[in-house]
$ cat final.cif   # mmCIF, C-alpha atoms
data_work
#
loop_
_atom_site.label_atom_id
_atom_site.label_comp_id
_atom_site.auth_asym_id
_atom_site.auth_seq_id
_atom_site.Cartn_x
_atom_site.Cartn_y
_atom_site.Cartn_z
CA MET A 2 195.11 142.25 23.58
CA SER A 3 195.89 140.83 27.03
CA THR A 4 198.29 137.98 27.65
CA ALA A 5 195.33 135.85 28.73
CA GLN A 6 194.16 135.81 25.08
CA ARG A 7 197.44 134.62 23.57
CA PRO A 8 199.81 132.04 25.02
CA LEU A 9 203.13 133.24 26.38
CA ARG A 10 205.98 132.21 24.11
CA LEU A 11 209.01 133.88 25.73
CA LEU A 12 210.04 134.22 29.39
CA VAL A 13 212.92 136.67 29.83
CA GLY A 14 214.96 136.85 33.01
CA LEU A 15 216.93 140.06 33.44
CA GLY A 16 220.42 140.08 34.89
CA ASN A 17 224.11 140.55 34.22
CA PRO A 18 226.26 137.73 32.83
CA GLY A 19 229.33 136.34 34.55
CA ASP A 20 230.34 134.93 37.91
CA LYS A 21 230.92 138.40 39.37
CA TYR A 22 227.17 139.10 39.24
CA ARG A 23 225.78 135.56 39.66
CA HIS A 24 224.19 135.91 43.12
CA THR A 25 223.56 139.66 43.21
CA ARG A 26 220.22 141.34 43.84
CA HIS A 27 220.09 142.63 40.27
CA ASN A 28 220.16 139.02 39.03
CA VAL A 29 216.96 137.71 40.60
CA GLY A 30 215.48 137.59 37.08
CA PHE A 31 218.21 135.15 36.01
CA MET A 32 217.79 133.21 39.28
CA THR A 33 214.05 132.85 38.68
CA VAL A 34 214.29 131.55 35.12
CA ASP A 35 217.16 129.26 36.19
CA ARG A 36 214.85 127.83 38.87
CA LEU A 37 212.06 127.27 36.33
CA ALA A 38 214.39 125.70 33.74
CA LEU A 39 215.78 123.32 36.36
CA ARG A 40 212.25 122.39 37.45
CA LEU A 41 211.28 121.64 33.83
CA GLY A 42 214.53 119.82 33.02
CA LEU A 43 215.55 122.40 30.41
CA VAL A 44 219.12 123.29 29.47
CA PHE A 45 220.28 126.76 28.40
CA ARG A 46 222.29 126.93 25.19
CA ALA A 47 224.27 129.84 23.82
CA GLY A 48 222.51 131.80 21.12
CA PRO A 49 223.09 135.23 19.64
CA ARG A 50 223.41 137.62 22.60
CA ALA A 51 221.50 135.31 24.98
CA LEU A 52 221.34 131.95 26.67
CA VAL A 53 218.12 130.22 25.62
CA ALA A 54 216.27 127.11 26.81
CA GLN A 55 213.38 125.70 24.81
CA SER A 56 210.30 123.90 26.04
CA SER A 57 207.34 122.72 24.04
CA GLY A 58 205.57 125.94 23.18
CA PHE A 59 207.86 128.54 24.75
CA TRP A 60 211.44 129.71 25.27
CA ILE A 61 213.26 130.93 28.36
CA MET A 62 215.93 133.59 27.80
CA LYS A 63 218.77 135.13 29.77
CA PRO A 64 220.18 138.09 27.75
CA GLN A 65 223.98 138.20 27.86
CA THR A 66 224.19 141.87 26.82
CA PHE A 67 224.36 143.17 30.40
CA MET A 68 221.29 144.62 32.07
CA ASN A 69 221.16 148.04 30.41
CA LEU A 70 221.14 146.53 26.90
CA SER A 71 218.72 143.64 27.49
CA GLY A 72 216.38 144.78 24.73
CA GLU A 73 219.15 144.27 22.16
CA ALA A 74 218.91 140.52 22.78
CA VAL A 75 215.14 140.30 23.26
CA ALA A 76 213.82 142.20 20.21
CA PRO A 77 215.78 140.33 17.48
CA PHE A 78 214.89 136.97 19.03
CA MET A 79 211.21 137.92 19.01
CA ARG A 80 211.30 139.20 15.41
CA LYS A 81 212.99 136.02 14.17
CA ARG A 82 210.31 133.82 15.78
CA GLY A 83 207.24 135.99 15.14
CA ILE A 84 206.67 136.65 18.84
CA VAL A 85 204.73 139.80 19.68
CA PRO A 86 205.00 141.81 22.93
CA ASP A 87 201.85 140.43 24.54
CA GLN A 88 203.40 136.94 24.29
CA ILE A 89 206.33 137.67 26.61
CA VAL A 90 206.95 138.13 30.30
CA VAL A 91 210.03 139.95 31.59
CA VAL A 92 211.30 139.09 35.09
CA GLY A 93 213.42 141.56 37.05
CA ASP A 94 214.26 143.01 40.44
CA ASP A 95 212.40 145.91 42.07
CA LEU A 96 213.81 148.22 44.76
CA ASP A 97 210.36 149.49 45.71
CA LEU A 98 209.11 146.06 46.78
CA SER A 99 210.27 144.45 49.99
CA LEU A 100 212.24 141.22 49.77
CA GLY A 101 209.81 138.38 49.27
CA GLN A 102 207.13 140.43 47.49
CA LEU A 103 206.07 139.77 43.90
CA ARG A 104 204.23 142.14 41.58
CA ILE A 105 202.84 141.08 38.22
CA ARG A 106 201.55 143.65 35.73
CA GLU A 107 200.30 143.35 32.15
CA ARG A 108 201.90 146.64 31.10
CA GLY A 109 203.48 149.78 32.52
CA SER A 110 206.55 151.90 32.84
CA SER A 111 210.06 150.70 33.57
CA GLY A 112 209.78 151.95 37.14
CA GLY A 113 213.34 153.27 36.78
CA HIS A 114 214.74 149.81 35.97
CA ASN A 115 217.29 150.13 33.17
CA GLY A 116 216.89 146.55 31.93
CA MET A 117 213.12 146.94 31.70
CA GLN A 118 213.58 150.32 29.98
CA SER A 119 215.89 148.72 27.41
CA VAL A 120 213.24 146.12 26.57
CA ILE A 121 210.50 148.78 26.34
CA HIS A 122 212.71 150.89 24.04
CA ALA A 123 213.69 147.95 21.81
CA LEU A 124 210.09 146.76 21.44
CA GLY A 125 208.61 150.25 21.11
CA THR A 126 205.91 149.42 23.66
CA ASP A 127 205.34 148.77 27.35
CA GLU A 128 202.42 146.44 26.56
CA PHE A 129 203.97 143.22 27.84
CA CYS A 130 203.69 141.26 31.05
CA ARG A 131 206.32 141.70 33.74
CA LEU A 132 207.09 139.95 36.99
CA ARG A 133 208.91 142.14 39.49
CA ILE A 134 210.65 140.61 42.47
CA GLY A 135 211.29 142.73 45.54
CA ILE A 136 214.88 143.28 46.66
CA SER A 137 214.07 146.14 49.08
CA ARG A 138 215.62 149.60 49.21
CA PRO A 139 219.20 149.95 50.41
CA PRO A 140 220.01 151.25 53.87
CA ALA A 141 220.55 155.03 53.98
CA ASP A 142 224.33 154.66 53.88
CA HIS A 143 224.38 152.54 50.66
CA ALA A 144 224.34 153.82 47.08
CA VAL A 145 221.63 152.19 44.93
CA ILE A 146 224.14 150.86 42.37
CA ASP A 147 226.21 149.23 45.12
CA TRP A 148 223.04 147.74 46.63
CA VAL A 149 221.70 146.14 43.43
CA LEU A 150 225.14 144.70 42.66
CA SER A 151 225.56 143.31 46.19
CA ARG A 152 224.89 139.73 47.19
CA PHE A 153 222.05 138.73 49.45
CA SER A 154 223.03 138.32 53.10
CA ALA A 155 222.97 134.93 54.80
CA GLY A 156 219.96 136.14 56.80
CA GLU A 157 218.05 136.84 53.58
CA GLY A 158 218.74 133.38 52.16
CA GLU A 159 215.57 131.68 53.41
CA VAL A 160 213.31 134.48 52.14
CA LEU A 161 215.16 134.48 48.82
CA GLU A 162 214.62 130.73 48.41
CA GLN A 163 210.91 131.12 49.12
CA VAL A 164 210.46 134.02 46.70
CA LEU A 165 212.37 132.27 43.90
CA HIS A 166 210.14 129.22 44.35
CA ARG A 167 207.00 131.42 44.27
CA ALA A 168 208.29 133.38 41.27
CA ALA A 169 208.92 130.16 39.33
CA ASP A 170 205.39 129.02 40.31
CA ALA A 171 204.06 132.36 39.01
CA LEU A 172 205.84 131.91 35.66
CA GLU A 173 204.41 128.41 35.27
CA HIS A 174 200.96 129.77 36.11
CA MET A 175 201.36 132.56 33.52
CA VAL A 176 202.26 130.04 30.81
CA LEU A 177 199.19 127.95 31.62
CA GLN A 178 196.63 130.55 32.72
CA GLY A 179 197.88 133.96 31.55
CA CYS A 180 199.20 137.07 33.20
CA GLY A 181 195.85 138.32 34.51
CA SER A 182 195.16 135.12 36.41
CA ALA A 183 198.70 135.17 37.86
CA MET A 184 198.18 138.76 39.04
CA ASN A 185 195.21 137.66 41.14
CA ARG A 186 197.03 134.70 42.62
CA PHE A 187 200.62 135.89 43.19
CA ASN A 188 200.72 139.66 43.71
CA GLY A 189 201.72 140.74 47.20
CA PRO A 190 203.77 139.31 50.01
CA GLY A 191 204.56 135.59 50.16
#

$ encode --input "final.cif" --output "C-alpha cells"
Amino acid sequence: MSTAQRPLRLLVGLGNPGDKYRHTRHNVGFMTVDRLALRLGLVFRAGPRALVAQSSGFWIMKPQTFMNLSGEAVAPFMRKRGIVPDQIVVVGDDLDLSLGQLRIRERGSSGGHNGMQSVIHALGTDEFCRLRIGISRPPADHAVIDWVLSRFSAGEGEVLEQVLHRAADALEHMVLQGCGSAMNRFNGPG
C-alpha cells in the first residue's frame, strides 16, 4: 500500500543528539523536523529514547539513540501507537546528492546510510517513505566520517537555509497529499 492511501502518522528526523553534533551535515534530518515543528508551533518533549512533538494526527520524532541505532527508538514507538511502515517518513542526509537537492522515495535501500539501515532492520522492511537531503560528497582529501560530522561552511549557509525550508515544505506536503505527490513536486534541485 502506498503512503498516498494512508495518512502519515510519524515523521522521523535522523541525527545525533548533543551540542557536539547540532549543526553537522549528518544532522540535517534533525534540522528539518526542527524547522517543521517551529513552523507548526510544536514543542519536543523527552520520551523513551527520543524527543517527540505531537500535532493533531501525527508525531515528529528525533531519536536520541545516536544515528546508527535510530531504529531502536522508531520501532517501539510505532508498535505502541499502532503505526505501520507505510505511515512514516524518515528524513536523513545523502552524500550522493549535491547540497540543495532533495530526493523523496516511497521505498528502497539504505543507500549506505547507517541510520536508515537501522530503521529498515528494526522494522523488517524498506517499504516506507524517505526524504533524503543532499550534503554532497567530501573533497578527495576528507574521510567520509569526518565530512558527515563536520559543520556546514559559512558559504553553504544560504543554500542550507533554502533546502531546509524546502524540506519542511515537502514534509507538510507529504502529510497533506502523500509521498507520491511530494515526489512529483519536490524531487531534484531547488

$ residues_around --input "final.cif" --residues "range 63-70 of chain A" --least-positions-apart "5" --cutoff "12 Å" --atoms "only C-alpha atoms" --output "PDB file with C-alpha atoms, keeping the file's coordinate frame"
ATOM      1  CA  LEU A  11     209.010 133.880  25.730  1.00  0.00           C
ATOM      2  CA  LEU A  12     210.040 134.220  29.390  1.00  0.00           C
ATOM      3  CA  VAL A  13     212.920 136.670  29.830  1.00  0.00           C
ATOM      4  CA  GLY A  14     214.960 136.850  33.010  1.00  0.00           C
ATOM      5  CA  LEU A  15     216.930 140.060  33.440  1.00  0.00           C
ATOM      6  CA  GLY A  16     220.420 140.080  34.890  1.00  0.00           C
ATOM      7  CA  ASN A  17     224.110 140.550  34.220  1.00  0.00           C
ATOM      8  CA  PRO A  18     226.260 137.730  32.830  1.00  0.00           C
ATOM      9  CA  GLY A  19     229.330 136.340  34.550  1.00  0.00           C
ATOM     10  CA  TYR A  22     227.170 139.100  39.240  1.00  0.00           C
ATOM     11  CA  HIS A  27     220.090 142.630  40.270  1.00  0.00           C
ATOM     12  CA  ASN A  28     220.160 139.020  39.030  1.00  0.00           C
ATOM     13  CA  VAL A  29     216.960 137.710  40.600  1.00  0.00           C
ATOM     14  CA  GLY A  30     215.480 137.590  37.080  1.00  0.00           C
ATOM     15  CA  PHE A  31     218.210 135.150  36.010  1.00  0.00           C
ATOM     16  CA  MET A  32     217.790 133.210  39.280  1.00  0.00           C
ATOM     17  CA  THR A  33     214.050 132.850  38.680  1.00  0.00           C
ATOM     18  CA  VAL A  34     214.290 131.550  35.120  1.00  0.00           C
ATOM     19  CA  ASP A  35     217.160 129.260  36.190  1.00  0.00           C
ATOM     20  CA  ALA A  38     214.390 125.700  33.740  1.00  0.00           C
ATOM     21  CA  VAL A  44     219.120 123.290  29.470  1.00  0.00           C
ATOM     22  CA  PHE A  45     220.280 126.760  28.400  1.00  0.00           C
ATOM     23  CA  ARG A  46     222.290 126.930  25.190  1.00  0.00           C
ATOM     24  CA  ALA A  47     224.270 129.840  23.820  1.00  0.00           C
ATOM     25  CA  GLY A  48     222.510 131.800  21.120  1.00  0.00           C
ATOM     26  CA  PRO A  49     223.090 135.230  19.640  1.00  0.00           C
ATOM     27  CA  ARG A  50     223.410 137.620  22.600  1.00  0.00           C
ATOM     28  CA  ALA A  51     221.500 135.310  24.980  1.00  0.00           C
ATOM     29  CA  LEU A  52     221.340 131.950  26.670  1.00  0.00           C
ATOM     30  CA  VAL A  53     218.120 130.220  25.620  1.00  0.00           C
ATOM     31  CA  ALA A  54     216.270 127.110  26.810  1.00  0.00           C
ATOM     32  CA  GLN A  55     213.380 125.700  24.810  1.00  0.00           C
ATOM     33  CA  VAL A  75     215.140 140.300  23.260  1.00  0.00           C
ATOM     34  CA  ALA A  76     213.820 142.200  20.210  1.00  0.00           C
ATOM     35  CA  PRO A  77     215.780 140.330  17.480  1.00  0.00           C
ATOM     36  CA  PHE A  78     214.890 136.970  19.030  1.00  0.00           C
ATOM     37  CA  VAL A  91     210.030 139.950  31.590  1.00  0.00           C
ATOM     38  CA  VAL A  92     211.300 139.090  35.090  1.00  0.00           C
ATOM     39  CA  GLY A  93     213.420 141.560  37.050  1.00  0.00           C
ATOM     40  CA  ASP A  94     214.260 143.010  40.440  1.00  0.00           C
ATOM     41  CA  SER A 111     210.060 150.700  33.570  1.00  0.00           C
ATOM     42  CA  GLY A 113     213.340 153.270  36.780  1.00  0.00           C
ATOM     43  CA  HIS A 114     214.740 149.810  35.970  1.00  0.00           C
ATOM     44  CA  ASN A 115     217.290 150.130  33.170  1.00  0.00           C
ATOM     45  CA  GLY A 116     216.890 146.550  31.930  1.00  0.00           C
ATOM     46  CA  MET A 117     213.120 146.940  31.700  1.00  0.00           C
ATOM     47  CA  GLN A 118     213.580 150.320  29.980  1.00  0.00           C
ATOM     48  CA  SER A 119     215.890 148.720  27.410  1.00  0.00           C
ATOM     49  CA  VAL A 120     213.240 146.120  26.570  1.00  0.00           C
ATOM     50  CA  ILE A 121     210.500 148.780  26.340  1.00  0.00           C
ATOM     51  CA  HIS A 122     212.710 150.890  24.040  1.00  0.00           C
ATOM     52  CA  ALA A 123     213.690 147.950  21.810  1.00  0.00           C
ATOM     53  CA  VAL A 149     221.700 146.140  43.430  1.00  0.00           C
ATOM     54  CA  LEU A 150     225.140 144.700  42.660  1.00  0.00           C
TER      55      LEU A 150
END

$ closest_atom_pairs --input "final.cif" --of "range 95-148 of chain A" --to "range 178-182 of chain A" --cutoff "10 Å" --atoms "only C-alpha atoms" --output "Markdown table"
| residue | atom | partner | partner_atom | distance |
| --- | --- | --- | --- | --- |
| A:Ile105 | CA | A:Cys180 | CA | 7.4 |
| A:Arg106 | CA | A:Cys180 | CA | 7.4 |
| A:Glu107 | CA | A:Cys180 | CA | 6.5 |
| A:Phe129 | CA | A:Cys180 | CA | 9.5 |
| A:Cys130 | CA | A:Cys180 | CA | 6.5 |
| A:Arg131 | CA | A:Cys180 | CA | 8.5 |
| A:Leu132 | CA | A:Cys180 | CA | 9.2 |

$ write_last_selection --input "final.cif" --atoms "C-alpha atoms" --output "tab-separated table (two decimals), keeping the file's coordinate frame"
chain	number	residue	atom	x	y	z
A	105	ILE	CA	202.84	141.08	38.22
A	106	ARG	CA	201.55	143.65	35.73
A	107	GLU	CA	200.30	143.35	32.15
A	129	PHE	CA	203.97	143.22	27.84
A	130	CYS	CA	203.69	141.26	31.05
A	131	ARG	CA	206.32	141.70	33.74
A	132	LEU	CA	207.09	139.95	36.99

$ atom_distance --input "final.cif" --atom1 "CA of Phe187 in chain A" --atom2 "CA of Leu103 in chain A"
6.7 Å

$ atom_distance --input "final.cif" --atom1 "CA of Ile84 in chain A" --atom2 "CA of Ala171 in chain A"
20.8 Å

$ resolve_selection --input "final.cif" --expression "the PyMOL selection byres ((chain A and resi 151) around 12)" --output "ChimeraX atom specification"
/A:21-29,136,139,143-150,152-154

$ closest_residue --input "final.cif" --among "A:Asp20, A:Ser57, A:Leu39, A:Asp95" --to "His166 in chain A" --atoms "all atoms listed in the file"
A:Leu39

$ residues_around --input "final.cif" --residues "Gln163 in chain A" --least-positions-apart "6" --cutoff "12 Å" --atoms "all atoms listed in the file" --output "mmCIF file with C-alpha atoms, keeping the file's coordinate frame"
data_model
loop_
_atom_site.group_PDB
_atom_site.id
_atom_site.type_symbol
_atom_site.label_atom_id
_atom_site.label_comp_id
_atom_site.auth_asym_id
_atom_site.auth_seq_id
_atom_site.Cartn_x
_atom_site.Cartn_y
_atom_site.Cartn_z
ATOM 1 C CA THR A 33 214.050 132.850 38.680
ATOM 2 C CA ARG A 36 214.850 127.830 38.870
ATOM 3 C CA LEU A 100 212.240 141.220 49.770
ATOM 4 C CA GLY A 101 209.810 138.380 49.270
ATOM 5 C CA GLN A 102 207.130 140.430 47.490
ATOM 6 C CA LEU A 103 206.070 139.770 43.900
ATOM 7 C CA ILE A 134 210.650 140.610 42.470
ATOM 8 C CA GLU A 157 218.050 136.840 53.580
ATOM 9 C CA ALA A 169 208.920 130.160 39.330
ATOM 10 C CA ASP A 170 205.390 129.020 40.310
ATOM 11 C CA PRO A 190 203.770 139.310 50.010
ATOM 12 C CA GLY A 191 204.560 135.590 50.160
#

$ closest_residue --input "final.cif" --among "A:Leu124, A:Leu96, A:Leu161, A:Val176" --to "Pro8 in chain A" --atoms "all atoms listed in the file"
A:Val176

$ closest_residue --input "final.cif" --among "A:Val164, A:Leu37, A:Ala74, A:Met62" --to "Ser99 in chain A" --atoms "all atoms listed in the file"
A:Val164

$ atom_distance --input "final.cif" --atom1 "CA of Leu177 in chain A" --atom2 "CA of Trp60 in chain A"
13.9 Å

$ closest_residue --input "final.cif" --among "A:Asp97, A:Asp127, A:Met184, A:Ile89" --to "Gly109 in chain A" --atoms "only C-alpha atoms"
A:Asp127
